[in-house]
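> Quick one: the structure is below, and I'll ask about it shortly.
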Amino acid sequence: MCVFFMNQRKKYKEDERRRLPGICLGLLLTAALLFGASGKMAAVRAETTGKEKEQLQLYAQAAVLLDADSGRVLYGKNEDEALPMASTTKIMTCILALEYGNPDDIVEVSSYAAGMPKVKLYMQEGEKYRLEDLLYSLMLESHNDSAVAIAEAVGGSVEEFAAMMNRKAEEIGCYDTCFITPNGLDAVVAETGQIHSTTAEDLARIMAYCVMDSPEKERFLEITQTREYSFCDESGKRSFHCSNHNSFLNMMDEAVSGKTGFTNQAGYCYVGAVESEGRTFTVALLACGWPNHKTYKWSDMRTLADYGMERYAYRDIYEEKEFQPVYVTNGIAGGDATPYENAYVEVKLACPAEESLQYLLCEEDVVEVKAELEESLEAPVHAGDEAGRVSYYLNGELIREYTVVASGEVEAVDYLWILRYVAGLFLPN
């Protein structure tokens, strides 16, 4: 019996070696079918990525246009250069106060908050205000004393609140930002020399978070879109009126939010968001002129917003793939086949085949879809075992990846199966 089994085992291995050239040829043909389309795409990419992106005339020293949905930079100018950002800082102050504070919380003004330089609400030490009222003061009039009072109420101190700001920035994916103050006044860390600063790209990402991803995005938009707002302190003895200084809300119908800023070191700064036909863009401008060039930021904002709206549209780049079965080594084939013969498993995408993959693209963008399957799997194979992947590349950068998995089961040739198989050769059916 053992001699017979060894002869049979040797015969199977010899048969497998004889089939190897055919299997390899089949795999090559399969690969050619799977990768043929992507090969054509690669040729197109080599042609189109050679085109230079249109150079815009911008006043800002650093600027960025961001797809707020995907976080992709659509246009940049020195977008990674860290610069002071003045009162555009206050979008982070506002969103943190909305997320961690209560609008009806009562804020008592400290002497430190009351001592902030203008622009300010001119609050006095010991006065009390509703947190929500101070958020309108913060975002509409950009009051520096309101920013500090909010920070102390929500974070316990300016230092603790700044730490919260920096943690949130990192959570969003902004690693080149250093918040020191809640109002954006020029500041420096004495021990390190690090200044209160961000990059145009980071600032645009923070705005994208505020209008797209934050659980408090609706309240953020409500505050920043308000044109006029009036309130009183808790005693009712003092009343205030705030007007929105974000003039861009009146310049473009598509404008949905924004924040201005200016300090001597930062120059004029702006961060804003526009929405059009289901697309949301955020724009950040740093060092966009100094007095008397206050309007430069509006020109740059319109230039970048128009650039995005005119050139970019959503396109479904999802491709439904059909895969050849994958060979399974040491597997038991179905039916009456002997081991090592026709042991294959069907494979499929782990995600639903009907999925849509919408991406904001312009004419110059090139998408490549690459499918990679394992040449073989080792038995046993179970449904859901990884068998490859389908990768989507935009201009050579990986943007999405789907897993290919086995959709069936293939048992392994083990000792008990061999005994049953050999016994079956001698026993009548």
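FYI, nothing fancy with the structure tokens labels: chains A, B, ... in order, residues from 1 per chain, ligands from 1 as they appear.
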Would you mind listing what lies within 10 Å of A:Glu397 as a VMD selection string, with only C-alpha atoms counted and same-chain residues fewer than 5 positions away left out?

chain A and resid 367 to 368 392

> Residues as selected, N, CA, C and O atoms, written as a CSV table (one decimal), in the first residue's frame, can you do that?


```csv
chain,number,residue,atom,x,y,z
A,367,VAL,N,-6.2,58.8,-14.4
A,367,VAL,CA,-6.5,57.7,-13.4
A,367,VAL,C,-6.0,56.4,-14.0
A,367,VAL,O,-6.3,56.0,-15.2
A,368,GLU,N,-5.3,55.6,-13.2
A,368,GLU,CA,-4.9,54.3,-13.6
A,368,GLU,C,-5.5,53.3,-12.6
A,368,GLU,O,-5.5,53.5,-11.4
A,392,TYR,N,-6.2,52.1,-7.3
A,392,TYR,CA,-6.6,53.3,-8.1
A,392,TYR,C,-5.5,54.3,-7.9
A,392,TYR,O,-5.2,54.7,-6.8
```

> Report as CSV the residues of stretch 366-397 of chain A within 9 Å of stretch 403-427 of chain A, each with its shortest atom pair and distance in Å (one decimal), using only C-alpha atoms, ordered by chain and increasing residue number.


```
residue,atom,partner,partner_atom,distance
A:Glu372,CA,A:Val404,CA,8.7
A:Leu373,CA,A:Val404,CA,7.7
A:Glu378,CA,A:Ala412,CA,8.2
A:Ala379,CA,A:Ala412,CA,4.7
A:Pro380,CA,A:Ala412,CA,4.6
A:Val381,CA,A:Val410,CA,5.0
A:His382,CA,A:Glu409,CA,4.7
A:Ala383,CA,A:Ser407,CA,4.7
A:Gly384,CA,A:Val405,CA,5.0
A:Asp385,CA,A:Val405,CA,5.2
A:Glu386,CA,A:Val405,CA,4.4
A:Ala387,CA,A:Val405,CA,4.9
A:Gly388,CA,A:Val404,CA,4.8
A:Arg389,CA,A:Thr403,CA,4.4
A:Val390,CA,A:Thr403,CA,6.4
A:Ser391,CA,A:Thr403,CA,8.7
```

> Give me a file of those residues, with C-alpha atoms, as a short mmCIF file (atom, residue, chain, number, x, y, z; two decimals), in the first residue's frame.


```cif
data_model
loop_
_atom_site.label_atom_id
_atom_site.label_comp_id
_atom_site.auth_asym_id
_atom_site.auth_seq_id
_atom_site.Cartn_x
_atom_site.Cartn_y
_atom_site.Cartn_z
CA GLU A 372 -2.85 42.33 -8.96
CA LEU A 373 -3.76 38.71 -8.20
CA GLU A 378 -1.92 27.43 -0.66
CA ALA A 379 -4.70 25.11 0.47
CA PRO A 380 -6.76 25.21 2.56
CA VAL A 381 -8.47 28.31 1.16
CA HIS A 382 -11.50 29.81 2.86
CA ALA A 383 -14.01 32.36 1.60
CA GLY A 384 -12.68 35.82 2.42
CA ASP A 385 -9.00 34.92 2.24
CA GLU A 386 -7.04 37.69 0.54
CA ALA A 387 -6.11 36.90 -3.06
CA GLY A 388 -4.98 40.25 -4.46
CA ARG A 389 -5.94 43.88 -4.76
CA VAL A 390 -7.23 46.51 -7.16
CA SER A 391 -5.47 49.88 -6.83
#
```

> Can you pull out every residue from stretch 53-297 of chain A that DSSP, working from the backbone, puts in strand (DSSP E or B), and format the result as an NGL selection string?

:A and (62-67 or 73-77 or 83 or 106-108 or 128-130 or 178 or 188 or 195 or 197-198 or 228-232 or 239-243 or 255-263 or 267-276 or 279-286)

> Give the answer as one residue: which of A:Leu65, A:Ile172, A:Leu185, A:Val109 has the shortest atom-to-atom distance to A:Asn144, using only C-alpha atoms?

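Answer, going by the shortest atom-to-atom distance: A:Leu185.
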
> So which bits of stretch 68-262 of chain A end up alpha helix (DSSP H) when you DSSP the backbone, as an MDAnalysis selection string?

chainID A and resid 90:100 111:114 131:136 144:155 158:172 200:208 217:225

> May I have the residues within 8 Å of A:Arg205 as a list of chain:residue names, using only C-alpha atoms and disregarding those fewer than 2 positions away in the same chain?

A:Leu66, A:Ala68, A:Gly71, A:Ile172, A:Gly173, A:Cys174, A:Glu201, A:Asp202, A:Leu203, A:Met207, A:Ala208, A:Tyr209, A:Thr282

> Those residues you just picked out, can you put them in a file as a tab-separated table (two decimals), in the first residue's frame with C-alpha atoms?


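Saved the output as result15.tsv:
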```tsv
chain	number	residue	atom	x	y	z
A	66	LEU	CA	-8.19	72.41	-1.76
A	68	ALA	CA	-12.60	69.87	0.76
A	71	GLY	CA	-8.35	66.80	0.89
A	172	ILE	CA	-7.01	66.64	10.96
A	173	GLY	CA	-3.63	65.91	9.37
A	174	CYS	CA	-2.02	69.33	9.81
A	201	GLU	CA	-2.35	73.82	2.97
A	202	ASP	CA	-2.89	73.21	6.69
A	203	LEU	CA	-5.15	76.24	7.02
A	207	MET	CA	-11.43	75.11	7.13
A	208	ALA	CA	-12.43	71.93	5.26
A	209	TYR	CA	-12.83	70.19	8.61
A	282	THR	CA	-11.47	75.76	0.48
```

> Which is closest to A:Val328 among A:Glu374, A:Ala350, A:Ser142, A:Trp290, if we use only C-alpha atoms?

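Under the stated criterion, the closest residue is A:Glu374.
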
> So how many Å separate atom CA of A:Thr181 and atom CA of A:Ser197, to one decimal?

10.1 Å

> With only C-alpha atoms as the basis for distance, which of A:Tyr296, A:Tyr136, A:Tyr327, A:Tyr100 is at the shortest distance from A:Cys242?

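Among the listed residues, A:Tyr136 lies closest to A:Cys242.
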
> Would you mind listing what lies within 8 Å of A:Asp80 as JSON, numbers by chain, with only C-alpha atoms counted and same-chain residues fewer than 3 positions away left out?

{"A": [176, 199, 200, 201]}

> What are the closest atom pairs, with distances in Å to one decimal, for each residue of stretch 70-156 of chain A lying within 10 Å of stretch 210-217 of chain A, using only C-alpha atoms, rows by chain and rising residue number, as a Markdown table?


```
| residue | atom | partner | partner_atom | distance |
| --- | --- | --- | --- | --- |
| A:Ile91 | CA | A:Cys210 | CA | 7.6 |
| A:Met92 | CA | A:Cys210 | CA | 8.0 |
| A:Cys94 | CA | A:Cys210 | CA | 9.1 |
| A:Ile95 | CA | A:Cys210 | CA | 6.4 |
| A:Leu96 | CA | A:Glu216 | CA | 9.1 |
| A:Ala97 | CA | A:Glu216 | CA | 9.7 |
| A:Leu98 | CA | A:Glu216 | CA | 6.3 |
| A:Glu99 | CA | A:Glu216 | CA | 6.2 |
| A:Tyr100 | CA | A:Glu216 | CA | 9.9 |
```

> Which residues come within 9 Å of stretch 223-238 of chain A, counting only C-alpha atoms, excluding same-chain residues fewer than 5 positions away, as a ChimeraX atom specification?

/A:106,127-130,133,135-137,139-140,218,243-246,249,256-259

> Which is closest to A:Gln358 among A:Lys321, A:Lys118, A:Lys297, A:Arg279, if we use only C-alpha atoms?

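Closest to A:Gln358, using only C-alpha atoms: A:Arg279.
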
> Neighbours of stretch 81-83 of chain A within 12 Å (only C-alpha atoms; same-chain residues fewer than 4 positions away dropped), as a PyMOL selection string?

chain A and resi 60-64+76-77+88-89+174-179+184+186-187+194-203+263+265-269+284-288
